[in-house]
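Visitor: What follows is run-v9.tsv, TSV, C-alpha atoms.
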```
chain	number	residue	atom	x	y	z
V	1	MET	CA	0.00	0.00	0.00
V	2	ALA	CA	2.97	2.29	0.47
V	3	ASP	CA	3.89	4.63	-2.35
V	4	ARG	CA	7.26	4.46	-4.06
V	5	PRO	CA	10.07	6.44	-2.35
V	6	SER	CA	10.14	9.07	-5.11
V	7	VAL	CA	6.38	9.61	-4.83
V	8	ILE	CA	6.65	9.98	-1.05
V	9	MET	CA	9.41	12.53	-1.46
V	10	LYS	CA	7.44	14.56	-3.97
V	11	LYS	CA	4.39	14.51	-1.71
V	12	ASN	CA	6.29	15.60	1.38
V	13	LEU	CA	8.32	18.28	-0.35
V	14	TRP	CA	5.56	19.74	-2.48
V	15	ASN	CA	2.05	18.24	-3.05
V	16	ASN	CA	1.39	17.51	0.60
V	17	ASN	CA	3.98	19.77	2.23
V	18	PRO	CA	3.60	19.82	6.03
V	19	ILE	CA	3.75	23.63	6.16
V	20	PHE	CA	1.78	25.06	3.27
V	21	ILE	CA	-0.70	22.22	2.66
V	22	GLN	CA	-1.15	20.53	6.03
V	23	ILE	CA	-0.47	23.80	7.95
V	24	LEU	CA	1.39	21.94	10.71
V	25	GLY	CA	4.30	23.12	12.83
V	26	ILE	CA	3.27	26.76	12.54
V	27	CYS	CA	4.34	27.89	16.03
V	28	SER	CA	7.97	27.09	15.35
V	29	THR	CA	7.68	28.66	11.91
V	30	LEU	CA	6.71	31.93	13.52
V	31	ALA	CA	9.25	31.70	16.33
V	32	VAL	CA	12.62	30.64	14.99
V	33	THR	CA	12.68	31.98	11.45
V	34	ASN	CA	14.17	35.39	12.22
V	35	ASN	CA	17.67	33.97	12.08
V	36	LEU	CA	19.04	31.50	9.50
V	37	VAL	CA	21.53	29.72	11.78
V	38	ASN	CA	18.88	28.92	14.40
V	39	THR	CA	16.39	27.91	11.71
V	40	LEU	CA	18.84	25.54	10.09
V	41	ILE	CA	19.92	23.86	13.34
V	42	MET	CA	16.35	23.52	14.56
V	43	THR	CA	15.09	22.06	11.27
V	44	VAL	CA	18.02	19.63	11.06
V	45	GLY	CA	17.03	18.55	14.58
V	46	LEU	CA	13.47	18.08	13.37
V	47	VAL	CA	14.53	16.02	10.34
V	48	PHE	CA	16.49	13.76	12.69
V	49	VAL	CA	13.67	13.43	15.20
V	50	THR	CA	10.93	12.84	12.61
V	51	GLY	CA	13.02	10.26	10.76
V	52	PHE	CA	14.01	8.22	13.79
V	53	THR	CA	10.64	8.50	15.52
V	54	ASN	CA	9.03	7.07	12.38
V	55	LEU	CA	11.62	4.30	12.27
V	56	SER	CA	11.13	3.39	15.93
V	57	VAL	CA	7.34	3.55	15.81
V	58	SER	CA	7.33	1.39	12.71
V	59	LEU	CA	9.67	-1.17	14.29
V	60	LEU	CA	7.53	-1.36	17.42
V	61	LYS	CA	4.15	-1.15	15.69
V	62	GLU	CA	3.32	-4.85	16.19
V	63	LEU	CA	4.14	-4.61	19.90
V	64	ILE	CA	2.52	-1.33	20.93
V	65	PRO	CA	-0.87	-1.82	22.64
V	66	ASP	CA	-3.56	0.37	21.02
V	67	ARG	CA	-4.65	1.93	24.28
V	68	VAL	CA	-1.28	3.51	25.07
V	69	ARG	CA	-0.25	4.07	21.46
V	70	MET	CA	-0.08	7.86	21.64
V	71	ILE	CA	1.75	7.92	24.95
V	72	ILE	CA	4.39	5.55	23.63
V	73	GLN	CA	4.78	7.69	20.50
V	74	THR	CA	5.20	10.82	22.62
V	75	LEU	CA	7.78	8.99	24.73
V	76	ILE	CA	9.76	8.09	21.63
V	77	ILE	CA	9.54	11.66	20.28
V	78	ALA	CA	10.64	13.10	23.62
V	79	PHE	CA	13.53	10.65	23.73
V	80	TYR	CA	14.97	11.82	20.41
V	81	VAL	CA	14.38	15.49	21.17
V	82	ILE	CA	16.26	15.24	24.46
V	83	ILE	CA	19.09	13.49	22.63
V	84	VAL	CA	19.25	16.48	20.24
V	85	ASP	CA	19.22	18.83	23.22
V	86	ILE	CA	22.02	16.96	25.00
V	87	VAL	CA	24.17	16.91	21.86
V	88	LEU	CA	23.65	20.63	21.26
V	89	ARG	CA	24.46	21.48	24.86
V	90	ALA	CA	27.67	19.45	24.78
V	91	TYR	CA	28.99	20.31	21.33
V	92	LEU	CA	27.28	23.52	20.19
V	93	PRO	CA	26.74	25.49	23.41
V	94	ALA	CA	26.33	28.85	21.66
V	95	ILE	CA	23.51	27.59	19.42
V	96	SER	CA	21.94	25.76	22.33
V	97	ARG	CA	21.82	29.02	24.27
V	98	SER	CA	20.33	31.06	21.47
V	99	LEU	CA	17.68	28.43	20.69
V	100	GLY	CA	16.73	28.36	24.36
V	101	PRO	CA	13.45	26.54	24.93
V	102	TYR	CA	12.78	25.91	21.25
V	103	VAL	CA	14.70	22.64	21.08
V	104	GLY	CA	12.49	21.18	23.81
V	105	LEU	CA	9.47	22.44	21.93
V	106	ILE	CA	10.27	20.21	18.96
V	107	ILE	CA	8.39	17.61	21.02
V	108	THR	CA	5.16	19.49	20.45
V	109	ASN	CA	5.69	19.84	16.71
V	110	CYS	CA	2.61	18.29	15.15
V	111	ILE	CA	4.49	17.09	12.08
V	112	ILE	CA	6.30	14.37	14.05
V	113	MET	CA	3.22	12.91	15.70
V	114	GLY	CA	1.30	13.34	12.45
V	115	ARG	CA	3.80	11.21	10.52
V	116	ALA	CA	4.06	8.62	13.30
V	117	GLU	CA	0.28	8.19	13.44
V	118	GLY	CA	-0.45	8.67	9.77
V	119	PHE	CA	2.40	6.76	8.20
V	120	ALA	CA	4.82	4.84	10.44
V	121	ARG	CA	2.08	2.95	12.24
V	122	SER	CA	0.97	1.19	9.08
V	123	ASN	CA	4.17	0.98	6.99
V	124	PRO	CA	7.47	-0.93	7.10
V	125	PRO	CA	10.49	0.63	8.91
V	126	VAL	CA	12.77	1.74	6.07
V	127	ILE	CA	10.10	3.54	4.07
V	128	SER	CA	8.89	5.14	7.33
V	129	LEU	CA	12.37	6.47	7.99
V	130	TRP	CA	12.39	7.90	4.47
V	131	ASP	CA	8.94	9.43	4.95
V	132	GLY	CA	10.05	11.05	8.20
V	133	ILE	CA	13.21	12.47	6.70
V	134	THR	CA	11.47	13.88	3.62
V	135	SER	CA	8.67	15.37	5.75
V	136	GLY	CA	11.34	17.07	7.83
V	137	ILE	CA	13.01	18.39	4.69
V	138	GLY	CA	9.65	19.64	3.42
V	139	TYR	CA	9.41	21.64	6.64
V	140	MET	CA	13.05	22.69	6.42
V	141	TRP	CA	13.06	24.24	2.97
V	142	VAL	CA	10.00	26.38	3.61
V	143	LEU	CA	11.41	27.63	6.95
V	144	VAL	CA	14.85	28.33	5.54
V	145	MET	CA	13.26	30.32	2.74
V	146	ILE	CA	11.21	32.40	5.18
V	147	ALA	CA	14.25	32.87	7.42
V	148	PHE	CA	16.29	34.05	4.43
V	149	PHE	CA	13.96	37.00	3.84
V	150	ARG	CA	13.43	37.75	7.51
V	151	GLU	CA	17.10	37.83	8.41
V	152	LEU	CA	18.07	39.73	5.26
V	153	LEU	CA	15.46	42.47	5.68
V	154	GLY	CA	15.29	42.46	9.48
V	155	SER	CA	18.97	42.34	10.37
V	156	GLY	CA	20.67	42.99	7.02
V	157	SER	CA	22.63	39.77	7.29
V	158	LEU	CA	22.63	36.12	6.24
V	159	PHE	CA	23.93	33.45	8.65
V	160	GLY	CA	25.03	36.36	10.86
V	161	ILE	CA	27.25	37.88	8.15
V	162	LYS	CA	26.42	41.46	7.19
V	163	ILE	CA	25.20	41.63	3.59
V	164	LEU	CA	23.34	44.88	3.21
V	165	PRO	CA	25.11	48.28	3.57
V	166	ASP	CA	24.93	50.14	6.88
V	167	ASN	CA	22.64	52.85	5.53
V	168	PHE	CA	19.91	50.28	4.85
V	169	THR	CA	16.99	50.80	7.23
V	170	TYR	CA	16.22	47.46	8.87
V	171	TRP	CA	12.61	46.34	8.83
V	172	THR	CA	12.14	45.82	12.57
V	173	ILE	CA	8.85	44.03	11.90
V	174	MET	CA	10.82	41.27	10.13
V	175	VAL	CA	12.45	40.07	13.36
V	176	MET	CA	9.10	39.98	15.15
V	177	PRO	CA	6.63	37.09	14.89
V	178	PRO	CA	3.92	38.94	12.88
V	179	SER	CA	6.17	39.16	9.82
V	180	ALA	CA	6.35	35.37	9.70
V	181	PHE	CA	2.56	35.39	9.44
V	182	PHE	CA	2.70	37.65	6.39
V	183	LEU	CA	5.53	35.72	4.77
V	184	LEU	CA	3.90	32.38	5.50
V	185	GLY	CA	0.67	33.68	4.01
V	186	ILE	CA	2.52	34.72	0.87
V	187	VAL	CA	4.25	31.32	0.66
V	188	ILE	CA	0.94	29.47	1.01
V	189	TRP	CA	-0.62	31.73	-1.61
V	190	ILE	CA	2.17	31.23	-4.17
V	191	CYS	CA	2.54	27.49	-3.63
V	192	LYS	CA	-1.17	26.77	-3.67
V	193	SER	CA	-1.73	28.76	-6.84
V	194	LEU	CA	1.13	26.88	-8.50
V	195	ILE	CA	-0.38	23.55	-7.46
V	196	LEU	CA	-3.89	24.60	-8.55
V	197	LYS	CA	-2.60	25.87	-11.88
V	198	LYS	CA	-0.93	22.53	-12.55
V	199	GLU	CA	-4.06	20.62	-11.63
V	200	GLY	CA	-6.21	22.89	-13.76
V	201	GLY	CA	-3.93	22.36	-16.75
V	202	LYS	CA	-4.46	18.63	-16.73
L	1	MET	CA	-0.44	-13.15	24.44
L	2	ASN	CA	-3.23	-10.63	23.99
L	3	LYS	CA	-1.70	-7.32	22.96
L	4	ASN	CA	-4.55	-5.33	24.49
L	5	SER	CA	-4.70	-7.05	27.86
L	6	LEU	CA	-4.15	-4.92	30.92
L	7	VAL	CA	-1.07	-6.80	32.11
L	8	TYR	CA	0.62	-6.59	28.72
L	9	THR	CA	-0.16	-2.86	28.41
L	10	VAL	CA	1.30	-2.07	31.81
L	11	VAL	CA	4.37	-4.26	31.38
L	12	PHE	CA	5.03	-2.96	27.87
L	13	SER	CA	4.69	0.71	28.89
L	14	PHE	CA	6.94	0.18	31.86
L	15	LEU	CA	9.65	-1.60	29.87
L	16	THR	CA	9.58	0.93	27.02
L	17	ALA	CA	9.79	3.87	29.41
L	18	PHE	CA	12.60	2.17	31.32
L	19	PHE	CA	14.54	1.43	28.14
L	20	PHE	CA	14.38	4.96	26.73
L	21	VAL	CA	15.03	6.70	30.03
L	22	PHE	CA	18.01	4.39	30.58
L	23	LEU	CA	19.47	5.41	27.21
L	24	LEU	CA	18.89	9.08	28.03
L	25	SER	CA	20.62	8.95	31.38
L	26	MET	CA	23.52	7.20	29.68
L	27	ALA	CA	23.79	9.94	27.06
L	28	ASP	CA	23.56	12.55	29.78
L	29	THR	CA	26.32	10.94	31.86
L	30	LEU	CA	28.58	10.60	28.84
L	31	THR	CA	28.32	14.29	27.97
L	32	LYS	CA	28.24	15.58	31.54
L	33	GLU	CA	31.89	16.55	31.73
L	34	LYS	CA	31.76	18.33	28.39
L	35	THR	CA	28.60	20.22	29.35
L	36	GLU	CA	30.05	21.33	32.68
L	37	ASP	CA	33.24	22.35	30.94
L	38	ASN	CA	31.18	24.46	28.51
L	39	ALA	CA	29.28	26.06	31.37
L	40	ARG	CA	32.54	26.96	33.12
L	41	LYS	CA	34.01	28.46	29.95
L	42	THR	CA	30.81	30.42	29.33
L	43	PHE	CA	31.14	31.90	32.81
L	44	TYR	CA	34.85	32.71	32.37
L	45	LYS	CA	34.21	34.32	29.01
L	46	ALA	CA	31.36	36.44	30.39
L	47	VAL	CA	33.53	37.69	33.27
L	48	LEU	CA	36.46	38.46	30.98
L	49	LYS	CA	34.33	40.20	28.36
L	50	SER	CA	32.52	42.32	30.91
L	51	SER	CA	35.82	43.47	32.42
L	52	GLY	CA	37.21	44.27	28.98
L	53	ILE	CA	39.97	41.64	29.08
L	54	ASP	CA	40.92	40.17	25.69
L	55	PHE	CA	41.32	36.46	25.09
L	56	ARG	CA	42.01	34.67	21.85
L	57	SER	CA	39.71	31.64	21.90
L	58	ASP	CA	37.36	29.62	24.09
L	59	ASP	CA	40.23	27.47	25.35
L	60	ASP	CA	42.36	30.55	25.94
L	61	SER	CA	39.71	31.94	28.31
L	62	VAL	CA	40.69	29.45	31.04
L	63	PRO	CA	44.35	30.50	31.60
L	64	VAL	CA	43.51	34.21	31.09
L	65	PHE	CA	40.75	33.96	33.69
L	66	LYS	CA	43.07	32.18	36.14
L	67	LYS	CA	45.67	34.92	35.64
L	68	TYR	CA	43.33	37.85	36.33
L	69	PHE	CA	41.10	36.23	38.94
L	70	SER	CA	43.57	34.00	40.78
L	71	SER	CA	41.65	34.18	44.05
L	72	TYR	CA	38.32	33.05	42.51
L	73	LYS	CA	36.65	30.08	44.16
L	74	ASP	CA	33.58	28.31	42.71
L	75	GLY	CA	30.45	30.03	43.96
L	76	ASP	CA	31.95	33.47	44.64
L	77	ASP	CA	29.62	36.17	43.43
L	78	VAL	CA	31.92	39.18	43.64
L	79	LEU	CA	35.23	39.07	41.78
L	80	ARG	CA	37.95	41.73	41.85
L	81	THR	CA	40.81	42.39	39.48
L	82	GLU	CA	42.92	45.11	37.93
L	83	VAL	CA	42.85	45.81	34.19
L	84	ASP	CA	45.29	48.35	32.70
L	85	GLY	CA	45.71	50.00	36.11
L	86	LYS	CA	41.97	50.27	36.71
L	87	GLU	CA	40.35	48.31	39.49
L	88	ILE	CA	37.29	46.37	38.39
L	89	VAL	CA	34.66	44.64	40.51
L	90	VAL	CA	32.56	41.97	38.83
L	91	LYS	CA	29.20	41.01	40.31
L	92	VAL	CA	27.53	37.73	39.34
L	93	PHE	CA	23.77	38.20	39.19
L	94	ARG	CA	20.56	36.17	39.02
L	95	GLY	CA	17.30	37.96	38.39
L	96	SER	CA	13.90	37.33	36.90
L	97	GLY	CA	13.20	38.15	33.29
L	98	LEU	CA	9.87	37.91	31.56
L	99	TRP	CA	9.82	34.10	31.21
L	100	GLY	CA	12.53	32.86	33.52
L	101	THR	CA	15.73	33.55	35.33
L	102	ILE	CA	18.38	35.72	33.71
L	103	THR	CA	21.92	35.10	34.92
L	104	GLY	CA	25.04	37.01	34.00
L	105	VAL	CA	27.72	39.35	35.25
L	106	ILE	CA	28.06	43.11	35.61
L	107	ALA	CA	31.49	44.70	35.88
L	108	PHE	CA	31.82	47.98	37.77
L	109	SER	CA	34.67	50.41	38.25
L	110	SER	CA	35.79	49.91	41.85
L	111	ASP	CA	34.37	53.30	42.95
L	112	LEU	CA	30.94	52.24	41.54
L	113	GLU	CA	30.78	55.43	39.47
L	114	ARG	CA	30.48	53.53	36.21
L	115	ILE	CA	29.44	50.20	34.76
L	116	ALA	CA	32.42	48.67	32.98
L	117	GLY	CA	30.53	45.98	31.15
L	118	PHE	CA	27.49	43.73	31.10
L	119	GLU	CA	27.28	40.12	29.95
L	120	ILE	CA	24.52	37.53	29.96
L	121	ILE	CA	25.21	33.88	30.77
L	122	SER	CA	21.74	32.39	30.44
L	123	HIS	CA	18.21	33.56	29.79
L	124	ASN	CA	14.88	32.17	28.60
L	125	GLU	CA	13.54	35.23	26.83
L	126	THR	CA	11.72	34.98	23.49
L	127	PRO	CA	14.23	34.39	20.70
L	128	GLY	CA	14.27	37.39	18.37
L	129	LEU	CA	12.52	39.65	20.88
L	130	GLY	CA	13.61	39.66	24.52
L	131	GLY	CA	16.34	37.23	23.53
L	132	ARG	CA	18.10	40.11	21.81
L	133	ILE	CA	19.39	41.32	25.19
L	134	ASP	CA	22.20	38.87	24.44
L	135	GLU	CA	23.20	40.74	21.26
L	136	ASP	CA	26.44	42.69	21.33
L	137	TRP	CA	24.99	46.07	20.35
L	138	PHE	CA	22.71	45.97	23.39
L	139	LYS	CA	25.34	44.85	25.88
L	140	GLU	CA	27.99	47.25	24.54
L	141	GLN	CA	25.78	50.21	25.44
L	142	PHE	CA	26.61	49.56	29.10
L	143	ASP	CA	30.37	49.86	28.61
L	144	TRP	CA	31.60	52.69	30.85
L	145	GLU	CA	28.08	54.03	31.31
L	146	LYS	CA	27.89	56.50	34.18
L	147	ILE	CA	25.71	55.42	37.13
L	148	SER	CA	23.36	58.21	38.21
L	149	PRO	CA	22.03	58.37	41.80
L	150	SER	CA	18.88	56.59	40.61
L	151	GLY	CA	20.84	53.99	38.68
L	152	ILE	CA	20.55	53.15	34.98
L	153	THR	CA	17.51	53.71	32.79
L	154	VAL	CA	16.68	51.36	29.93
L	155	ARG	CA	14.68	53.50	27.51
L	156	LYS	CA	11.77	52.24	25.43
L	157	GLY	CA	13.36	50.77	22.33
L	158	SER	CA	13.26	52.81	19.14
L	159	GLY	CA	15.71	50.74	17.15
L	160	SER	CA	18.70	53.03	17.61
L	161	TYR	CA	21.85	52.73	19.66
L	162	ASP	CA	22.74	54.89	22.66
L	163	SER	CA	26.43	55.76	22.43
L	164	ASP	CA	26.32	58.48	25.12
L	165	THR	CA	28.04	57.09	28.21
L	166	GLU	CA	27.30	60.13	30.40
L	167	ASN	CA	23.46	60.07	30.36
L	168	SER	CA	23.05	56.84	32.41
L	169	GLU	CA	20.61	55.64	29.77
L	170	VAL	CA	20.67	52.81	27.28
L	171	GLU	CA	18.33	51.91	24.46
L	172	GLY	CA	15.89	49.06	25.15
L	173	ILE	CA	14.79	46.32	22.76
L	174	THR	CA	11.99	47.25	20.37
L	175	GLY	CA	8.97	45.03	20.97
L	176	ALA	CA	10.34	43.66	24.24
L	177	SER	CA	9.69	46.38	26.78
L	178	LEU	CA	9.03	43.92	29.61
L	179	THR	CA	12.36	42.15	29.16
L	180	SER	CA	14.11	45.54	28.85
L	181	LYS	CA	12.45	46.60	32.08
L	182	SER	CA	13.59	43.39	33.79
L	183	VAL	CA	17.18	44.09	32.78
L	184	GLU	CA	16.89	47.61	34.20
L	185	THR	CA	15.54	46.26	37.51
L	186	ILE	CA	18.25	43.60	37.73
L	187	ILE	CA	21.03	46.11	37.10
L	188	ASN	CA	19.72	48.67	39.57
L	189	ASP	CA	19.16	46.01	42.24
L	190	ASN	CA	22.74	44.88	41.84
L	191	ILE	CA	24.07	48.45	41.93
L	192	ARG	CA	22.24	48.84	45.24
L	193	ILE	CA	23.64	45.56	46.56
L	194	MET	CA	27.17	46.62	45.62
L	195	LYS	CA	26.76	50.06	47.18
L	196	GLY	CA	25.37	48.50	50.34
L	197	GLU	CA	28.32	46.20	50.53
L	198	GLY	CA	30.73	49.05	49.96
L	199	SER	CA	29.42	51.07	52.92
L	200	ASN	CA	29.41	48.04	55.22
L	201	GLY	CA	32.84	46.85	54.45
```
Could you show the structure in this file as structure tokens?
Guide:
Amino acid sequence: MADRPSVIMKKNLWNNNPIFIQILGICSTLAVTNNLVNTLIMTVGLVFVTGFTNLSVSLLKELIPDRVRMIIQTLIIAFYVIIVDIVLRAYLPAISRSLGPYVGLIITNCIIMGRAEGFARSNPPVISLWDGITSGIGYMWVLVMIAFFRELLGSGSLFGIKILPDNFTYWTIMVMPPSAFFLLGIVIWICKSLILKKEGGK
Amino acid sequence: MNKNSLVYTVVFSFLTAFFFVFLLSMADTLTKEKTEDNARKTFYKAVLKSSGIDFRSDDDSVPVFKKYFSSYKDGDDVLRTEVDGKEIVVKVFRGSGLWGTITGVIAFSSDLERIAGFEIISHNETPGLGGRIDEDWFKEQFDWEKISPSGITVRKGSGSYDSDTENSEVEGITGASLTSKSVETIINDNIRIMKGEGSNG
């Protein structure tokens, strides 16, 4: 019943993108995208967590009792998120400090639970891992794109390196959460019209 | 065995929880030394930066710190040293921000006429808003700022930078007036603590 890997990838990156089609994981989209470094680290963390949670849930799917299914899934998600947190604290202390509580909040990202429930529970392990990773990347590319514009216009820099000249007036709104709303709205608008146009052309 | 029986559910949940928590505590123990080492270096770097002492790299901060603060013992919250002939007093602080505790250090000239520097060690403020108190432009405003009788004022943020070190004022963070206010309170409380200590001792 599972789709081919290439179909799954296309779905997760575009046709059924977690951000602009499923509208999941919005809180973190609004919160971390004012800075490219933080966005990248956080989304890499999410790719890792989604991938391995899917793998673990799929491996254990025959063993997990239905009644405590969700609790076990949350336990697995929390396990991987804390691993990410521990690794960041030990090896990337500066990033860990600037991300603050947002690493812990990966646990509440709906994309992970959504994929565990919607895919890993009824599919074999390897394809579940692939589905998790591509879902994470679908989330990553949209966030990185939003962060690119927010950091460039809000702080005049990319990855913390000054790009725009000093006399450029920074758009303060870009570093604040509301701007992510506008940018996300624009992204959803553009992507959906592209998808609709393609469907209409068929 | 029935997968949905009560006994199985309880035993399975217990074993799974035990297994994952065991792995976590292992990972935590393995990285403990490294994490503590990072925390120590973060503290050393904050003290050195606030007192205006240069160091080349993270690893370099350890010997430089030991050289300037040879009498420091773990847990001390007032450190004294001399930089380029000027006596500096560094106060370690803990105070409440908008969401959680803010910790850091404030360096004063020994006569408590001026703030020599301000550094943050940890905070839980909103990234991109209150979290910007950890950005250099904000912290640098405190360098050699004069302390008025009423302390330091953090103005409502307008997106500019206050380079005047005589007006006892610094620019707050736009969109984060509560965090800016917390920083002001923390600094003034610590100025008072230091002044109190000075008159007693």
Visitor: Write down, as an MDAnalysis selection string, each residue of chain L that has any atom within 9 Å of an atom of chain V, counting only C-alpha atoms.
Guide: chainID L and resid 3:5 8:9 12:13 16:17 20:21 23:24 27:28 31:39 42 121:129 131 134 159 174:175
Visitor: Report, in Å to a single decimal, how far apart atom CA of V:Tyr139 and atom CA of V:Ile19 are.
Guide: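 Those two atoms sit 6.0 Å apart.
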Visitor: Report, in Å with one decimal, the straight-line distance from atom CA of V:Gly156 to atom CA of L:Gly172.
Guide: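 These two atoms are separated by 19.7 Å.
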Visitor: Rounded to one decimal, what separation in Å do you get between atom CA of V:Thr50 and atom CA of L:Phe22?
Guide: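 One can read the atom CA of V:Thr50 to atom CA of L:Phe22 distance as 21.1 Å.
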Visitor: Using only C-alpha atoms, which of the listed residues (L:Ser51, L:Ser96, L:Asn190, L:Ser25) sits closest to L:Phe118?
Guide: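 Result for the nearest residue to L:Phe118: L:Ser51.
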Visitor: Between L:Ile187, L:Ser180, L:Arg40, L:Asp74, which has the minimum distance to L:Asp58 (counting all atoms listed in the file)?
Guide: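 Distance minimum relative to L:Asp58 lands on L:Arg40.
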Visitor: What's around stretch 125-131 of chain V at 10 Å? Count only C-alpha atoms, leave out sequence neighbours fewer than 4 positions away in its own chain, and write the answer as a PyMOL selection string.
Guide: chain V and resi 2-6+8-9+11-12+48+50-61+115-116+119-121+135-137
Visitor: Give me the residues within 6 Å of stretch 108-111 of chain L as a list of chain:residue names, counting all atoms listed in the file and dropping any in the same chain fewer than 4 places off.
Guide: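 Result of the neighbour search: L:Glu87, L:Ile88, L:Val89, L:Ile115, L:Ala116.
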Visitor: Would you kindly return, as a list of chain:residue names, each protein, DNA or RNA residue with an atom no farther than 8 Å from any atom of V:Gly138, considering all atoms listed in the file and excluding same-chain residues fewer than 3 positions away?
Guide: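 Non-adjacent residues within range: V:Asn12, V:Leu13, V:Trp14, V:Asn17, V:Pro18, V:Ile19, V:Thr134, V:Ser135, V:Trp141, V:Val142.
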Visitor: Using all atoms listed in the file, find all polymer residues with an atom at most 6 Å away from the point (27.2, 34.9, 32.2); report them as a PyMOL selection string.
Guide: chain L and resi 43+46+103-105+119-121
Visitor: Keeping only C-alpha atoms, write the selected residues as a compact mmCIF listing (two decimals), in the frame of the given file.
Guide:
```
# COMPACT_ATOMS: atom_id res chain seq x y z
CA PHE L 43 31.14 31.90 32.81
CA ALA L 46 31.36 36.44 30.39
CA THR L 103 21.92 35.10 34.92
CA GLY L 104 25.04 37.01 34.00
CA VAL L 105 27.72 39.35 35.25
CA GLU L 119 27.28 40.12 29.95
CA ILE L 120 24.52 37.53 29.96
CA ILE L 121 25.21 33.88 30.77
```
Visitor: Considering only C-alpha atoms, return as a list in words whatever protein or nucleic-acid residues lie within 7 Å of stretch 158-168 of chain V, sequence-local ones (same chain, fewer than 3 positions apart) excluded.
Guide: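 Everything that qualifies: Leu36, Val37, Phe148, Glu151 and Leu152 of chain V.
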Visitor: Need the shell around L:Gly151: protein/DNA/RNA residues with any atom at most 9 Å away, counting all atoms listed in the file. Skip same-chain ones fewer than 2 positions apart. Format as an MDAnalysis selection string?
Guide: chainID L and resid 146:149 153 168 184 187:189 191:192
Visitor: Next, write the just-selected residues to a file, as a PDB file, in the coordinates of the input, keeping C-alpha atoms as the atom set.
Guide:
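Written output follows (selection-v2.pdb):
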```pdb
ATOM      1  CA  LYS L 146      27.890  56.500  34.180  1.00  0.00           C
ATOM      2  CA  ILE L 147      25.710  55.420  37.130  1.00  0.00           C
ATOM      3  CA  SER L 148      23.360  58.210  38.210  1.00  0.00           C
ATOM      4  CA  PRO L 149      22.030  58.370  41.800  1.00  0.00           C
ATOM      5  CA  THR L 153      17.510  53.710  32.790  1.00  0.00           C
ATOM      6  CA  SER L 168      23.050  56.840  32.410  1.00  0.00           C
ATOM      7  CA  GLU L 184      16.890  47.610  34.200  1.00  0.00           C
ATOM      8  CA  ILE L 187      21.030  46.110  37.100  1.00  0.00           C
ATOM      9  CA  ASN L 188      19.720  48.670  39.570  1.00  0.00           C
ATOM     10  CA  ASP L 189      19.160  46.010  42.240  1.00  0.00           C
ATOM     11  CA  ILE L 191      24.070  48.450  41.930  1.00  0.00           C
ATOM     12  CA  ARG L 192      22.240  48.840  45.240  1.00  0.00           C
TER      13      ARG L 192
END
```
Visitor: When you get a chance, write out N, CA and C atoms for stretch 91-102 of chain L, as a PDB file, keeping the file's coordinate frame.
Guide:
```
ATOM      1  N   LYS L  91      30.266  41.588  39.487  1.00  0.00           N
ATOM      2  CA  LYS L  91      29.200  41.010  40.310  1.00  0.00           C
ATOM      3  C   LYS L  91      28.458  39.970  39.473  1.00  0.00           C
ATOM      4  N   VAL L  92      28.324  38.770  40.002  1.00  0.00           N
ATOM      5  CA  VAL L  92      27.530  37.730  39.340  1.00  0.00           C
ATOM      6  C   VAL L  92      26.080  37.948  39.759  1.00  0.00           C
ATOM      7  N   PHE L  93      25.161  37.944  38.795  1.00  0.00           N
ATOM      8  CA  PHE L  93      23.770  38.200  39.190  1.00  0.00           C
ATOM      9  C   PHE L  93      22.811  37.106  38.707  1.00  0.00           C
ATOM     10  N   ARG L  94      21.712  36.982  39.417  1.00  0.00           N
ATOM     11  CA  ARG L  94      20.560  36.170  39.020  1.00  0.00           C
ATOM     12  C   ARG L  94      19.348  37.057  39.197  1.00  0.00           C
ATOM     13  N   GLY L  95      18.476  37.124  38.227  1.00  0.00           N
ATOM     14  CA  GLY L  95      17.300  37.960  38.390  1.00  0.00           C
ATOM     15  C   GLY L  95      16.196  37.425  37.502  1.00  0.00           C
ATOM     16  N   SER L  96      14.966  37.898  37.720  1.00  0.00           N
ATOM     17  CA  SER L  96      13.900  37.330  36.900  1.00  0.00           C
ATOM     18  C   SER L  96      13.658  38.172  35.664  1.00  0.00           C
ATOM     19  N   GLY L  97      13.566  37.511  34.543  1.00  0.00           N
ATOM     20  CA  GLY L  97      13.200  38.150  33.290  1.00  0.00           C
ATOM     21  C   GLY L  97      11.709  37.990  33.084  1.00  0.00           C
ATOM     22  N   LEU L  98      11.289  38.052  31.821  1.00  0.00           N
ATOM     23  CA  LEU L  98       9.870  37.910  31.560  1.00  0.00           C
ATOM     24  C   LEU L  98       9.423  36.455  31.716  1.00  0.00           C
ATOM     25  N   TRP L  99      10.220  35.511  31.206  1.00  0.00           N
ATOM     26  CA  TRP L  99       9.820  34.100  31.210  1.00  0.00           C
ATOM     27  C   TRP L  99      10.584  33.256  32.215  1.00  0.00           C
ATOM     28  N   GLY L 100      11.749  33.705  32.626  1.00  0.00           N
ATOM     29  CA  GLY L 100      12.530  32.860  33.520  1.00  0.00           C
ATOM     30  C   GLY L 100      13.691  33.639  34.085  1.00  0.00           C
ATOM     31  N   THR L 101      14.612  32.909  34.684  1.00  0.00           N
ATOM     32  CA  THR L 101      15.730  33.550  35.330  1.00  0.00           C
ATOM     33  C   THR L 101      16.766  34.021  34.301  1.00  0.00           C
ATOM     34  N   ILE L 102      17.271  35.230  34.519  1.00  0.00           N
ATOM     35  CA  ILE L 102      18.380  35.720  33.710  1.00  0.00           C
ATOM     36  C   ILE L 102      19.610  35.684  34.602  1.00  0.00           C
TER      37      ILE L 102
END
```
